[in-house]
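Engineer: Got a structure for you, structure32.txt, holding compact mmCIF, C-alpha atoms and all ligand atoms.
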# COMPACT_ATOMS: atom_id res chain seq x y z
CA MET A 1 53.12 -6.83 114.21
CA ARG A 2 54.92 -5.62 117.32
CA ILE A 3 53.05 -6.52 120.51
CA GLY A 4 53.18 -5.05 124.01
CA VAL A 5 51.73 -7.11 126.86
CA VAL A 6 50.39 -5.31 129.93
CA GLY A 7 50.18 -7.59 132.98
CA CYS A 8 52.69 -10.39 133.55
CA GLY A 9 50.88 -12.45 136.19
CA HIS A 10 49.59 -15.98 135.69
CA TRP A 11 48.15 -15.51 132.17
CA GLY A 12 50.23 -12.70 130.62
CA PRO A 13 53.32 -14.89 129.94
CA ASN A 14 51.10 -17.22 127.86
CA HIS A 15 50.33 -14.29 125.54
CA ILE A 16 54.04 -13.41 125.38
CA ARG A 17 54.90 -17.02 124.48
CA VAL A 18 52.15 -17.34 121.85
CA PHE A 19 52.79 -13.99 120.13
CA SER A 20 56.53 -14.81 120.15
CA GLN A 21 55.81 -18.14 118.43
CA LEU A 22 53.37 -16.90 115.76
CA SER A 23 55.07 -16.03 112.49
CA GLY A 24 53.34 -12.63 112.04
CA SER A 25 54.25 -11.10 115.39
CA THR A 26 56.98 -10.37 117.90
CA VAL A 27 56.68 -9.16 121.49
CA THR A 28 58.77 -6.02 122.01
CA CYS A 29 57.67 -4.94 125.48
CA ALA A 30 55.85 -6.14 128.62
CA ALA A 31 54.73 -4.09 131.65
CA ASP A 32 53.95 -4.96 135.27
CA PRO A 33 54.36 -2.89 138.47
CA ASP A 34 55.37 -6.05 140.37
CA ALA A 35 59.18 -6.44 140.29
CA LYS A 36 58.96 -10.21 140.91
CA ARG A 37 56.70 -10.71 137.88
CA ARG A 38 58.99 -8.51 135.76
CA ALA A 39 61.97 -10.65 136.78
CA VAL A 40 60.12 -13.85 135.84
CA VAL A 41 59.26 -12.53 132.37
CA ALA A 42 62.73 -11.05 131.79
CA GLY A 43 64.21 -14.47 132.67
CA GLN A 44 61.86 -16.37 130.33
CA PHE A 45 61.83 -14.08 127.28
CA SER A 46 65.21 -12.56 126.51
CA GLY A 47 64.17 -10.27 123.63
CA VAL A 48 61.35 -8.55 125.54
CA ASP A 49 61.94 -5.15 127.16
CA VAL A 50 60.22 -5.30 130.57
CA VAL A 51 58.99 -2.03 132.12
CA ASP A 52 56.97 -1.09 135.21
CA ASP A 53 54.52 1.44 133.76
CA TYR A 54 51.92 0.57 131.13
CA ASN A 55 51.65 4.26 130.13
CA ALA A 56 55.21 4.08 128.84
CA LEU A 57 54.44 0.82 126.97
CA VAL A 58 51.35 2.08 125.11
CA ARG A 59 53.21 5.16 123.84
CA ARG A 60 56.19 3.27 122.42
CA PRO A 61 56.61 3.54 118.66
CA ASP A 62 57.76 -0.11 118.54
CA VAL A 63 54.35 -1.30 119.87
CA ASP A 64 51.58 -1.64 117.25
CA ALA A 65 49.08 -3.56 119.38
CA VAL A 66 48.55 -4.05 123.11
CA VAL A 67 47.41 -7.14 125.03
CA VAL A 68 45.61 -6.19 128.25
CA CYS A 69 46.11 -8.95 130.81
CA VAL A 70 45.68 -7.13 134.12
CA PRO A 71 43.02 -7.87 136.78
CA THR A 72 39.50 -7.38 135.38
CA ARG A 73 38.73 -4.14 137.23
CA LYS A 74 41.74 -2.52 135.54
CA HIS A 75 40.83 -3.60 131.97
CA GLU A 76 38.95 -0.37 131.25
CA GLU A 77 41.75 1.99 132.31
CA VAL A 78 44.53 0.19 130.43
CA THR A 79 42.44 -0.49 127.30
CA ARG A 80 41.38 3.17 127.12
CA ALA A 81 45.00 4.34 127.43
CA ALA A 82 46.11 1.97 124.65
CA LEU A 83 43.29 3.02 122.30
CA GLU A 84 43.96 6.71 123.01
CA ALA A 85 47.60 6.08 122.10
CA GLY A 86 46.36 4.72 118.73
CA LYS A 87 47.04 1.03 119.44
CA HIS A 88 44.89 -1.98 118.54
CA VAL A 89 43.88 -3.94 121.65
CA LEU A 90 43.31 -7.56 122.56
CA CYS A 91 41.80 -7.34 126.07
CA GLU A 92 41.33 -10.37 128.30
CA LYS A 93 37.79 -11.40 129.20
CA PRO A 94 35.50 -9.90 130.29
CA LEU A 95 36.07 -6.55 128.57
CA THR A 96 34.92 -4.50 131.58
CA VAL A 97 32.86 -4.84 134.74
CA GLY A 98 30.10 -2.47 133.58
CA THR A 99 28.16 -2.25 130.30
CA ALA A 100 28.51 1.54 129.98
CA GLU A 101 32.32 1.28 130.10
CA ALA A 102 32.34 -1.56 127.55
CA LEU A 103 30.18 0.48 125.18
CA ALA A 104 32.40 3.54 125.61
CA LEU A 105 35.50 1.51 124.75
CA THR A 106 33.97 -0.06 121.65
CA ASP A 107 32.83 3.40 120.50
CA LEU A 108 36.33 4.77 121.09
CA ALA A 109 37.91 1.94 119.08
CA ALA A 110 35.42 2.41 116.22
CA SER A 111 35.95 6.19 116.13
CA ARG A 112 39.71 5.68 115.83
CA GLY A 113 39.47 2.84 113.30
CA LEU A 114 41.20 0.44 115.72
CA ILE A 115 40.55 -3.23 116.40
CA LEU A 116 39.30 -3.96 119.93
CA MET A 117 38.88 -7.66 120.55
CA THR A 118 38.10 -9.46 123.82
CA GLY A 119 39.91 -12.70 124.56
CA HIS A 120 36.85 -14.95 124.72
CA VAL A 121 39.17 -17.87 124.12
CA PHE A 122 36.49 -20.61 124.03
CA LEU A 123 35.25 -19.17 120.71
CA PHE A 124 38.51 -20.61 119.35
CA ASN A 125 38.44 -23.92 121.21
CA PRO A 126 38.28 -26.88 118.77
CA GLY A 127 35.77 -28.78 120.93
CA ILE A 128 33.43 -25.80 121.20
CA LEU A 129 33.77 -25.20 117.44
CA LYS A 130 32.83 -28.86 116.81
CA LEU A 131 29.84 -28.47 119.14
CA ARG A 132 28.75 -25.38 117.24
CA ASP A 133 29.12 -27.18 113.88
CA LEU A 134 26.93 -30.00 115.19
CA MET A 135 24.28 -27.55 116.37
CA MET A 136 24.39 -25.61 113.08
CA SER A 137 23.99 -28.86 111.12
CA GLY A 138 20.83 -29.55 113.14
CA GLN A 139 22.03 -32.91 114.58
CA PRO A 140 20.65 -32.40 118.11
CA GLY A 141 17.39 -31.12 116.59
CA ARG A 142 15.50 -28.31 118.29
CA ILE A 143 17.53 -27.18 121.30
CA HIS A 144 15.79 -27.50 124.66
CA TYR A 145 18.51 -26.47 127.08
CA LEU A 146 22.24 -26.04 127.72
CA ARG A 147 23.93 -26.68 131.02
CA ALA A 148 27.49 -25.73 131.98
CA LEU A 149 29.64 -26.79 134.91
CA ARG A 150 32.90 -24.96 135.64
CA THR A 151 34.26 -25.82 139.07
CA ASN A 152 37.58 -26.40 140.81
CA LEU A 153 39.34 -25.71 144.10
CA GLY A 154 40.84 -22.31 143.16
CA PRO A 155 42.33 -20.27 141.68
CA ILE A 156 40.62 -17.69 143.90
CA ARG A 157 40.49 -14.13 142.56
CA GLN A 158 40.71 -10.98 144.67
CA ASP A 159 39.10 -8.40 142.40
CA VAL A 160 36.03 -10.09 140.89
CA ASN A 161 33.71 -12.94 141.86
CA SER A 162 33.42 -16.41 140.33
CA VAL A 163 30.71 -15.15 137.96
CA TYR A 164 32.97 -12.57 136.29
CA ASP A 165 35.97 -14.91 136.41
CA LEU A 166 34.42 -18.25 135.38
CA ALA A 167 30.86 -17.78 134.11
CA SER A 168 32.07 -15.12 131.65
CA HIS A 169 33.45 -18.10 129.68
CA ASP A 170 30.15 -20.01 129.68
CA ILE A 171 28.07 -16.93 128.82
CA SER A 172 30.35 -16.30 125.84
CA ILE A 173 30.01 -19.97 124.79
CA PHE A 174 26.20 -20.01 125.14
CA ASN A 175 25.79 -16.72 123.22
CA PHE A 176 28.14 -18.04 120.52
CA LEU A 177 26.40 -21.42 120.22
CA LEU A 178 22.89 -19.96 120.19
CA GLU A 179 23.81 -16.76 118.30
CA ALA A 180 21.63 -14.92 120.79
CA GLU A 181 21.64 -12.97 124.02
CA PRO A 182 19.58 -14.17 126.99
CA VAL A 183 16.33 -12.37 127.73
CA THR A 184 16.41 -12.86 131.50
CA ALA A 185 18.93 -13.87 134.12
CA SER A 186 18.43 -15.22 137.61
CA ALA A 187 21.19 -16.29 139.94
CA VAL A 188 21.98 -17.18 143.49
CA GLY A 189 25.52 -16.58 144.65
CA ALA A 190 27.25 -17.16 147.95
CA SER A 191 30.42 -15.75 149.52
CA PHE A 192 31.89 -18.32 151.88
CA LEU A 193 35.54 -17.20 151.89
CA ARG A 194 35.34 -13.39 151.88
CA PRO A 195 32.32 -11.14 152.23
CA GLY A 196 31.04 -9.61 149.00
CA ILE A 197 32.96 -11.85 146.55
CA GLU A 198 30.80 -14.81 145.49
CA ASP A 199 32.82 -18.04 145.39
CA VAL A 200 29.94 -20.02 143.92
CA ALA A 201 26.95 -19.16 141.74
CA PHE A 202 23.99 -21.01 140.27
CA ILE A 203 22.76 -19.12 137.20
CA THR A 204 19.73 -19.57 134.97
CA LEU A 205 19.44 -17.72 131.67
CA THR A 206 16.43 -17.76 129.38
CA TYR A 207 17.14 -17.39 125.68
CA PRO A 208 14.71 -16.64 122.83
CA ASN A 209 12.53 -19.57 121.61
CA GLY A 210 12.26 -21.05 125.10
CA VAL A 211 15.88 -22.27 125.28
CA VAL A 212 17.18 -22.41 128.86
CA GLY A 213 20.85 -22.03 129.83
CA ALA A 214 22.04 -23.15 133.26
CA ILE A 215 25.53 -22.41 134.58
CA GLN A 216 27.15 -23.54 137.82
CA VAL A 217 30.51 -22.01 138.73
CA SER A 218 32.69 -22.36 141.79
CA TRP A 219 36.28 -22.00 142.89
CA LEU A 220 35.37 -23.81 146.12
CA ASP A 221 34.69 -27.31 144.86
CA PRO A 222 36.58 -30.61 145.21
CA LYS A 223 36.34 -31.47 141.50
CA LYS A 224 37.72 -29.78 138.42
CA LEU A 225 34.89 -29.88 135.87
CA ARG A 226 34.69 -28.20 132.47
CA GLU A 227 31.52 -29.47 130.88
CA ILE A 228 28.64 -28.35 128.70
CA VAL A 229 25.62 -30.50 127.89
CA VAL A 230 23.37 -29.60 124.95
CA VAL A 231 19.99 -31.30 125.00
CA GLY A 232 18.03 -31.26 121.77
CA ASP A 233 14.84 -33.05 120.82
CA THR A 234 16.65 -35.67 118.68
CA LYS A 235 20.19 -35.98 120.16
CA MET A 236 22.22 -34.87 123.15
CA VAL A 237 25.82 -33.64 122.92
CA VAL A 238 28.37 -33.32 125.71
CA TRP A 239 31.52 -31.20 125.61
CA ASP A 240 33.97 -32.24 128.30
CA GLU A 241 37.30 -30.49 128.00
CA LEU A 242 38.96 -33.00 130.32
CA ALA A 243 37.60 -36.25 128.80
CA PRO A 244 40.52 -38.51 127.80
CA ALA A 245 38.68 -40.02 124.80
CA GLY A 246 37.95 -36.62 123.22
CA PRO A 247 36.03 -33.48 124.12
CA ILE A 248 32.78 -34.25 122.22
CA SER A 249 30.36 -37.12 122.82
CA ILE A 250 27.20 -37.40 120.75
CA TYR A 251 24.44 -39.40 122.44
CA ASP A 252 21.80 -40.65 120.04
CA LYS A 253 19.23 -40.49 122.81
CA SER A 254 15.88 -38.80 123.05
CA VAL A 255 12.39 -39.21 124.36
CA VAL A 256 9.76 -40.24 121.83
CA ARG A 257 5.97 -40.08 122.06
CA GLU A 258 4.11 -43.27 121.30
CA GLN A 259 0.37 -43.52 120.91
CA TYR A 260 -1.57 -45.94 123.11
CA TYR A 261 -3.32 -48.57 120.96
CA ASP A 262 -6.56 -48.41 122.88
CA ASP A 263 -6.83 -44.63 123.13
CA PHE A 264 -5.68 -42.60 120.11
CA GLY A 265 -5.89 -39.33 122.06
CA GLN A 266 -3.25 -40.46 124.59
CA PHE A 267 0.55 -40.75 124.28
CA HIS A 268 3.18 -42.18 126.51
CA LEU A 269 6.81 -41.03 126.61
CA LEU A 270 9.50 -43.61 125.86
CA ALA A 271 13.25 -43.22 126.32
CA ARG A 272 15.07 -43.99 123.04
CA GLU A 273 18.65 -45.21 123.60
CA GLY A 274 20.95 -45.16 120.57
CA ASP A 275 24.70 -45.13 119.94
CA LEU A 276 27.37 -43.01 121.56
CA THR A 277 29.72 -41.41 119.02
CA ILE A 278 32.99 -39.70 119.89
CA PRO A 279 34.13 -37.80 116.79
CA ARG A 280 37.80 -36.98 116.24
CA VAL A 281 38.56 -33.39 117.18
CA PRO A 282 42.15 -32.50 116.27
CA PRO A 283 43.76 -30.66 119.18
CA GLN A 284 44.88 -27.06 118.74
CA GLU A 285 45.93 -24.51 121.37
CA PRO A 286 42.92 -22.15 121.56
CA LEU A 287 45.07 -19.16 122.63
CA LYS A 288 47.22 -19.58 119.51
CA VAL A 289 44.16 -19.70 117.26
CA GLN A 290 42.63 -16.68 119.02
CA ASN A 291 45.79 -14.58 118.84
CA GLN A 292 46.34 -15.44 115.16
CA TYR A 293 42.74 -14.34 114.57
CA PHE A 294 43.54 -11.01 116.26
CA LEU A 295 46.62 -10.51 114.04
CA ASP A 296 44.55 -11.27 110.92
CA ALA A 297 41.82 -8.85 112.07
CA VAL A 298 44.33 -6.03 112.54
CA LYS A 299 45.78 -6.77 109.09
CA SER A 300 42.42 -6.89 107.31
CA GLY A 301 40.65 -4.29 109.48
CA TYR A 302 37.76 -6.72 109.98
CA LEU A 303 36.87 -8.45 113.25
CA GLY A 304 34.13 -11.05 112.82
CA LYS A 305 34.34 -12.89 116.14
CA SER A 306 34.47 -11.57 119.71
CA ASP A 307 33.92 -8.04 118.43
CA GLY A 308 32.55 -5.02 120.30
CA ALA A 309 28.88 -6.02 120.18
CA PHE A 310 29.67 -9.56 121.36
CA SER A 311 31.92 -8.33 124.18
CA VAL A 312 29.36 -5.75 125.37
CA SER A 313 26.65 -8.43 125.34
CA VAL A 314 28.67 -10.69 127.67
CA VAL A 315 29.18 -7.79 130.09
CA ARG A 316 25.46 -6.95 129.91
CA VAL A 317 24.63 -10.52 130.99
CA LEU A 318 27.24 -10.38 133.79
CA GLU A 319 25.68 -7.15 135.10
CA ALA A 320 22.21 -8.65 134.97
CA ILE A 321 23.45 -11.68 136.96
CA ALA A 322 24.94 -9.32 139.56
CA ARG A 323 21.58 -7.54 139.88
CA SER A 324 19.76 -10.83 140.30
CA ILE A 325 22.22 -12.03 142.97
CA ALA A 326 21.69 -8.73 144.82
CA GLN A 327 17.93 -9.40 144.68
CA GLY A 328 18.25 -12.91 146.10
CA GLY A 329 17.85 -14.70 142.77
CA ALA A 330 14.90 -12.82 141.29
CA PRO A 331 14.73 -13.02 137.46
CA VAL A 332 15.85 -9.73 135.89
CA PRO A 333 15.71 -8.61 132.24
CA VAL A 334 19.15 -8.59 130.59
CA ALA A 335 18.28 -5.85 128.12
CA GLN A 336 17.65 -3.38 130.92
CA GLU A 337 21.34 -2.59 130.52
CA SER A 338 21.87 -0.05 127.75
CA LYS A 339 22.38 -1.56 124.28
N1 LIG I 401 41.19 -16.55 128.79
C1 LIG I 401 41.52 -17.29 129.81
O1 LIG I 401 41.35 -18.50 129.81
C2 LIG I 401 42.12 -16.61 131.01
C3 LIG I 401 42.83 -17.36 131.94
C4 LIG I 401 43.37 -16.68 133.03
C5 LIG I 401 43.21 -15.32 133.16
N2 LIG I 401 42.51 -14.63 132.23
C6 LIG I 401 42.30 -13.18 132.35
O2 LIG I 401 43.56 -12.55 132.30
C7 LIG I 401 43.59 -11.41 133.18
C8 LIG I 401 44.76 -11.55 134.15
O3 LIG I 401 44.58 -12.75 134.88
P1 LIG I 401 45.82 -13.42 135.65
O4 LIG I 401 45.35 -14.75 136.06
O5 LIG I 401 47.08 -13.30 134.88
O6 LIG I 401 45.89 -12.47 136.95
P2 LIG I 401 47.13 -12.24 137.90
O7 LIG I 401 46.60 -11.56 139.10
O8 LIG I 401 47.92 -13.50 138.04
O9 LIG I 401 48.06 -11.23 137.09
C9 LIG I 401 47.71 -9.90 136.85
C10 LIG I 401 49.00 -9.11 136.71
O10 LIG I 401 48.67 -7.78 136.35
C11 LIG I 401 49.59 -6.93 137.02
N3 LIG I 401 49.07 -5.56 137.05
C12 LIG I 401 48.18 -5.01 137.91
N4 LIG I 401 47.99 -3.72 137.60
C13 LIG I 401 48.76 -3.45 136.53
C14 LIG I 401 49.00 -2.30 135.75
N5 LIG I 401 48.39 -1.13 136.03
N6 LIG I 401 49.88 -2.35 134.73
C15 LIG I 401 50.50 -3.53 134.45
N7 LIG I 401 50.31 -4.67 135.15
C16 LIG I 401 49.45 -4.63 136.17
C17 LIG I 401 49.76 -7.57 138.39
O11 LIG I 401 50.95 -7.09 139.04
C18 LIG I 401 49.81 -9.03 138.03
O12 LIG I 401 51.14 -9.46 137.80
C19 LIG I 401 42.21 -11.39 133.86
O13 LIG I 401 41.39 -10.49 133.16
C20 LIG I 401 41.67 -12.80 133.68
O14 LIG I 401 40.26 -12.81 133.58
C21 LIG I 401 41.97 -15.26 131.16
Give the structure from this file in structure tokens form.

Structural biologist:
Amino acid sequence: MRIGVVGCGHWGPNHIRVFSQLSGSTVTCAADPDAKRRAVVAGQFSGVDVVDDYNALVRRPDVDAVVVCVPTRKHEEVTRAALEAGKHVLCEKPLTVGTAEALALTDLAASRGLILMTGHVFLFNPGILKLRDLMMSGQPGRIHYLRALRTNLGPIRQDVNSVYDLASHDISIFNFLLEAEPVTASAVGASFLRPGIEDVAFITLTYPNGVVGAIQVSWLDPKKLREIVVVGDTKMVVWDELAPAGPISIYDKSVVREQYYDDFGQFHLLAREGDLTIPRVPPQEPLKVQNQYFLDAVKSGYLGKSDGAFSVSVVRVLEAIARSIAQGGAPVPVAQESK
């Protein structure tokens, strides 16, 4: 498969490297209007033709599929052009800013028989896959809540806020782990560095069956944290991408009810402290796994993960969060956005 990569900023060269390394693909062309970025890519990847206009790239006969790695607000325009030129697309997350645009793109891809996948890379992260396996096997028991922390000092984006940039990852992870979309969203966001672009947000999502999802994101924080805690009624599991001992820790901890001897109608709650287990999770580069999955999907014509419905759902949640932030944190229904 011959790949064209649009956008050669911070992340684009990673796609060029990975698709150059995978056995089923080569990168023929890359596009960026910024001459400095073009020079960097031309210097790093000798076999790649580097151009300034993505319209030229999507029309090339030696490009079968396009990777869209431009700033988020430009995803829609570039993805549409690639699909209209008859090319399969792997678009970086989130697919678009608005739900209507995301739906229109997935309809366009379906009508042309093309694969349109969003790069929700944590769906291919070995630690997240282990966490999902544990949840599917029922180890944590009935899930009470999930909490995510994704903070750091920078990188600060110009075009979208920390919710679109960072929380898009956690929303995709929560929806993937719970196989559900939240019913309501409420969020408080604050713009300390530039007006109108929230640097920090505190988000609460309610999922079906009473499961609560809490997400805190910030690019204005002293600590780099990448953590998800899953609390079930029998065990608690922590995913910490930066933990030296391994990304998954299973805490055999819970709270049990014990009956009082003297009053059989009354219970007291006791903390049960068991073992801590850190299972082996073989490391794999998630971007490599994701991009191989995209190649396989184009080959087979079937996309099972991070497909149109999944990508639209993430955007629907992002839009609901934006509405709640605009309303000072009031809970808003997610499904108000068109399905
Ligand atoms: N999956 C991940 O973990 C991950 C990590 C980083 C970034 N991303 C995503 O990748 C995308 C790009 O992020 P980045 O960090 O590389 O941003 P960036 O700002 O560093 O780079 C974007 C590049 O796109 C170029 N560009 C702008 N308009 C263009 C156009 N019309 N045609 C071609 N190129 C154009 C810019 O000149 C710039 O070089 C974003 O959607 C971001 O959300 C994903």

Engineer: If the limit is 6 Å from any atom of ligand LIG 401 (chain I), counting all atoms listed in the file, which residues qualify? Return them as a compact mmCIF listing (two decimals) with C-alpha atoms, in the coordinates of the input.

Structural biologist:
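The new file out-v7.txt reads:
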# COMPACT_ATOMS: atom_id res chain seq x y z
CA VAL A 6 50.39 -5.31 129.93
CA GLY A 7 50.18 -7.59 132.98
CA CYS A 8 52.69 -10.39 133.55
CA GLY A 9 50.88 -12.45 136.19
CA HIS A 10 49.59 -15.98 135.69
CA TRP A 11 48.15 -15.51 132.17
CA GLY A 12 50.23 -12.70 130.62
CA ALA A 31 54.73 -4.09 131.65
CA ASP A 32 53.95 -4.96 135.27
CA PRO A 33 54.36 -2.89 138.47
CA ASP A 34 55.37 -6.05 140.37
CA ARG A 37 56.70 -10.71 137.88
CA TYR A 54 51.92 0.57 131.13
CA CYS A 69 46.11 -8.95 130.81
CA VAL A 70 45.68 -7.13 134.12
CA PRO A 71 43.02 -7.87 136.78
CA THR A 72 39.50 -7.38 135.38
CA GLU A 92 41.33 -10.37 128.30
CA LYS A 93 37.79 -11.40 129.20
CA GLY A 119 39.91 -12.70 124.56
CA VAL A 121 39.17 -17.87 124.12
CA ASP A 165 35.97 -14.91 136.41

Engineer: Which of these residues is nearest to Leu129 (chain A), using all atoms listed in the file: A:Gly47, A:Leu177, A:Ser306, A:Ser191?

Structural biologist: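 Nearest to Leu129 (chain A): A:Leu177.
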
Engineer: Just want the 8 Å neighbourhood of region 243-256 of chain A, counted on only C-alpha atoms, with same-chain residues fewer than 2 positions away dropped. Output as a ChimeraX atom specification.

Structural biologist: /A:127,130-131,232-241,258,269-281

Engineer: Using all atoms listed in the file, which residues sit within 8 Å of Leu287 (chain A) once same-chain residues fewer than 5 positions away are excluded, as a ChimeraX atom specification?

Structural biologist: /A:15,18,121,124

Engineer: Could you give me, as a PDB file with C-alpha atoms, in the coordinates of the input, the residues within 9 Å of Val200 (chain A), counting all atoms listed in the file and dropping anything in the same chain fewer than 5 positions from it?

Structural biologist:
ATOM      1  CA  THR A 151      34.260 -25.820 139.070  1.00  0.00           C
ATOM      2  CA  ASN A 161      33.710 -12.940 141.860  1.00  0.00           C
ATOM      3  CA  SER A 162      33.420 -16.410 140.330  1.00  0.00           C
ATOM      4  CA  VAL A 163      30.710 -15.150 137.960  1.00  0.00           C
ATOM      5  CA  VAL A 188      21.980 -17.180 143.490  1.00  0.00           C
ATOM      6  CA  GLY A 189      25.520 -16.580 144.650  1.00  0.00           C
ATOM      7  CA  ALA A 190      27.250 -17.160 147.950  1.00  0.00           C
ATOM      8  CA  SER A 191      30.420 -15.750 149.520  1.00  0.00           C
ATOM      9  CA  PHE A 192      31.890 -18.320 151.880  1.00  0.00           C
ATOM     10  CA  GLN A 216      27.150 -23.540 137.820  1.00  0.00           C
ATOM     11  CA  VAL A 217      30.510 -22.010 138.730  1.00  0.00           C
ATOM     12  CA  SER A 218      32.690 -22.360 141.790  1.00  0.00           C
ATOM     13  CA  TRP A 219      36.280 -22.000 142.890  1.00  0.00           C
ATOM     14  CA  LEU A 220      35.370 -23.810 146.120  1.00  0.00           C
ATOM     15  CA  ASP A 221      34.690 -27.310 144.860  1.00  0.00           C
TER      16      ASP A 221
END

Engineer: For Ala30 (chain A), list every protein, DNA or RNA residue within 7 Å, evaluated using only C-alpha atoms, and leave out those in the same chain fewer than 3 positions away; present the list as JSON, numbers by chain.

Structural biologist: {"A": [4, 5, 6, 48, 49, 50, 51]}

Engineer: In Å to one decimal, how far is CA of Ala309 (chain A) from CA of Val89 (chain A)?

Structural biologist: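 Going from CA of Val89 (chain A) over to CA of Ala309 (chain A) covers 15.2 Å.
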
Engineer: Mind working out the centre and edge lengths of an axis-aligned box for region 49-62 of chain A, all listed atoms inside, 6 Å added to each side, rounded to one decimal in Å and written as lines of an AutoDock Vina configuration file?

Structural biologist:
center_x = 56.6
center_y = -0.1
center_z = 126.9
size_x = 22.6
size_y = 22.5
size_z = 28.7

Engineer: So the first atom is CA of Leu116 (chain A) and the second is CA of Cys91 (chain A); what is the distance between them in Å, to one decimal place?

Structural biologist: 7.4 Å

Engineer: Just checking: using only C-alpha atoms, which residue out of A:Ile115, A:Val332, A:Val63, A:Leu134 ends up closest to Lys305 (chain A)?

Structural biologist: A:Ile115
